[in-house]
Every structure is written in C-alpha cells, then in structure tokens.
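Peer 1: Submitted below is the structure of interest, expressed as structure tokens.
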Amino acid sequence: MFTSFRLDRKGIGEILKSDRMLDAINETAVNVAANARGRLPSKAVVTFRPNITDRQRASVTVTKGDQSTRAALISAARAAGLEVHENPPAH
C-alpha cells in the first residue's frame, strides 16, 4: 500500500521527449492518415506532419474535403486506437 506518492515531472518530461515516444506518435499519426485516405474521396489531401515542441507530437490534416471530412478523420483516429473527444472535456 502506498503511504506517499511524488510525481516525477522530470522523468515524465524525458519520456515525452524520447525517441521511442517520437516513433510511437509518428507511427500512430501515419496510421490515422492512411485510415483517413481510405475513408475520404480521392480529391481530399491528407497530410501528416510531425511536430516537436516541449514534447513529441504529430498532426494529421485534411484539405479539399467536404462535410464528411471531420467524421472520416475522427473515425480514422478511432480505428488507429485513439480516444477522440468531439467536444473538449469540461474541467
């Protein structure tokens, strides 16, 4: 049983900035992009872009899509195993 707990912020930061995390995030984003391409019309342009800020991250965007673009991108993200909140969670 825990009697005390201290969050290791430095350790978490190192994990979030690690090459392993970069690989995992990029692989997931590439999967989302591939899933989205399969769900969208051929005129839609799906782009994957890795970003590094204070942690590893990536984005998948769709241009030249129609109204179904948002739903297809959400479905593609869910198919890749991501939890998607269509409305930001309340704090």
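By convention here, the chains of the structure tokens are called A, B, ... in the order presented, each chain's residues are numbered starting at 1, and ligands are numbered starting at 1 in the order presented.
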Can you write out as JSON lines which residues of stretch 45-70 of chain A fall within 12 Å of stretch 6-27 of chain A, alongside each residue's closest atom pair and its distance in Å to one decimal, counting only C-alpha atoms and ordering rows by chain and ascending residue number?

Peer 2:
```
{"residue": "A:Phe48", "atom": "CA", "partner": "A:Asn26", "partner_atom": "CA", "distance": 8.6}
{"residue": "A:Arg49", "atom": "CA", "partner": "A:Asn26", "partner_atom": "CA", "distance": 8.5}
{"residue": "A:Pro50", "atom": "CA", "partner": "A:Asn26", "partner_atom": "CA", "distance": 6.6}
{"residue": "A:Asn51", "atom": "CA", "partner": "A:Asn26", "partner_atom": "CA", "distance": 9.4}
{"residue": "A:Ile52", "atom": "CA", "partner": "A:Lys17", "partner_atom": "CA", "distance": 8.3}
{"residue": "A:Thr53", "atom": "CA", "partner": "A:Lys17", "partner_atom": "CA", "distance": 8.9}
{"residue": "A:Asp54", "atom": "CA", "partner": "A:Lys17", "partner_atom": "CA", "distance": 7.3}
{"residue": "A:Arg55", "atom": "CA", "partner": "A:Lys17", "partner_atom": "CA", "distance": 4.9}
{"residue": "A:Gln56", "atom": "CA", "partner": "A:Leu22", "partner_atom": "CA", "distance": 5.5}
{"residue": "A:Arg57", "atom": "CA", "partner": "A:Ile25", "partner_atom": "CA", "distance": 6.3}
{"residue": "A:Ala58", "atom": "CA", "partner": "A:Asn26", "partner_atom": "CA", "distance": 6.3}
{"residue": "A:Ser59", "atom": "CA", "partner": "A:Asn26", "partner_atom": "CA", "distance": 8.9}
{"residue": "A:Val60", "atom": "CA", "partner": "A:Asn26", "partner_atom": "CA", "distance": 10.2}
```

Peer 1: Please list as a ChimeraX atom specification every residue within 6 Å of stretch 31-38 of chain A, counting only C-alpha atoms and excluding residues in the same chain fewer than 4 positions away.

Peer 2: /A:73,76-77,80

Peer 1: If you run DSSP on this backbone, which residues of chain A come out as helix (DSSP H, G or I), and could you give them as a CSV table (one decimal) with C-alpha atoms, in the first residue's frame?

Peer 2:
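And here's states19.csv as it stands now:
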```
chain,number,residue,atom,x,y,z
A,9,ARG,CA,7.9,15.6,-13.6
A,10,LYS,CA,11.4,15.4,-14.9
A,11,GLY,CA,11.2,11.7,-15.6
A,12,ILE,CA,7.8,12.2,-17.4
A,13,GLY,CA,9.3,15.0,-19.4
A,14,GLU,CA,12.2,12.8,-20.5
A,15,ILE,CA,9.7,10.1,-21.6
A,16,LEU,CA,7.6,12.6,-23.5
A,19,ASP,CA,12.9,8.9,-29.5
A,20,ARG,CA,10.7,5.9,-28.5
A,21,MET,CA,7.8,8.3,-27.9
A,22,LEU,CA,8.5,10.1,-31.2
A,23,ASP,CA,8.4,6.8,-33.1
A,24,ALA,CA,5.2,5.7,-31.4
A,25,ILE,CA,3.4,9.0,-32.0
A,26,ASN,CA,4.6,9.2,-35.6
A,27,GLU,CA,3.5,5.6,-36.3
A,28,THR,CA,0.1,6.3,-34.9
A,29,ALA,CA,-0.3,9.5,-36.9
A,30,VAL,CA,0.8,7.7,-40.1
A,31,ASN,CA,-1.9,5.1,-39.4
A,32,VAL,CA,-4.5,7.8,-38.9
A,33,ALA,CA,-3.5,9.4,-42.1
A,34,ALA,CA,-3.7,6.1,-44.0
A,35,ASN,CA,-7.1,5.3,-42.5
A,36,ALA,CA,-8.4,8.7,-43.4
A,37,ARG,CA,-7.2,8.4,-47.0
A,38,GLY,CA,-9.2,5.2,-47.3
A,39,ARG,CA,-12.3,6.8,-45.9
A,69,THR,CA,-14.2,15.1,-43.7
A,70,ARG,CA,-14.4,15.7,-39.9
A,71,ALA,CA,-16.4,12.4,-39.4
A,72,ALA,CA,-13.9,10.5,-41.5
A,73,LEU,CA,-10.9,11.9,-39.7
A,74,ILE,CA,-12.5,11.1,-36.3
A,75,SER,CA,-13.3,7.5,-37.5
A,76,ALA,CA,-9.7,7.1,-38.8
A,77,ALA,CA,-8.3,8.2,-35.4
A,78,ARG,CA,-10.6,5.8,-33.5
A,79,ALA,CA,-9.6,3.0,-35.9
```

Peer 1: Write out as a count of residues only all residues of stretch 5-90 of chain A that backbone DSSP assigns to strand (DSSP E or B).

Peer 2: 16

Peer 1: Rounded to one decimal, what separation in Å do you get between atom CA of A:Lys43 and atom CA of A:Ser68?

Peer 2: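 Spanning atom CA of A:Lys43 to atom CA of A:Ser68 is a straight-line distance of 12.7 Å.
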
Peer 1: Closest to A:Val46 among A:Glu86, A:Lys64, A:Gly81, A:Met1, using only C-alpha atoms?

Peer 2: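 Among A:Glu86, A:Lys64, A:Gly81, A:Met1, it is A:Lys64 that comes nearest to A:Val46.
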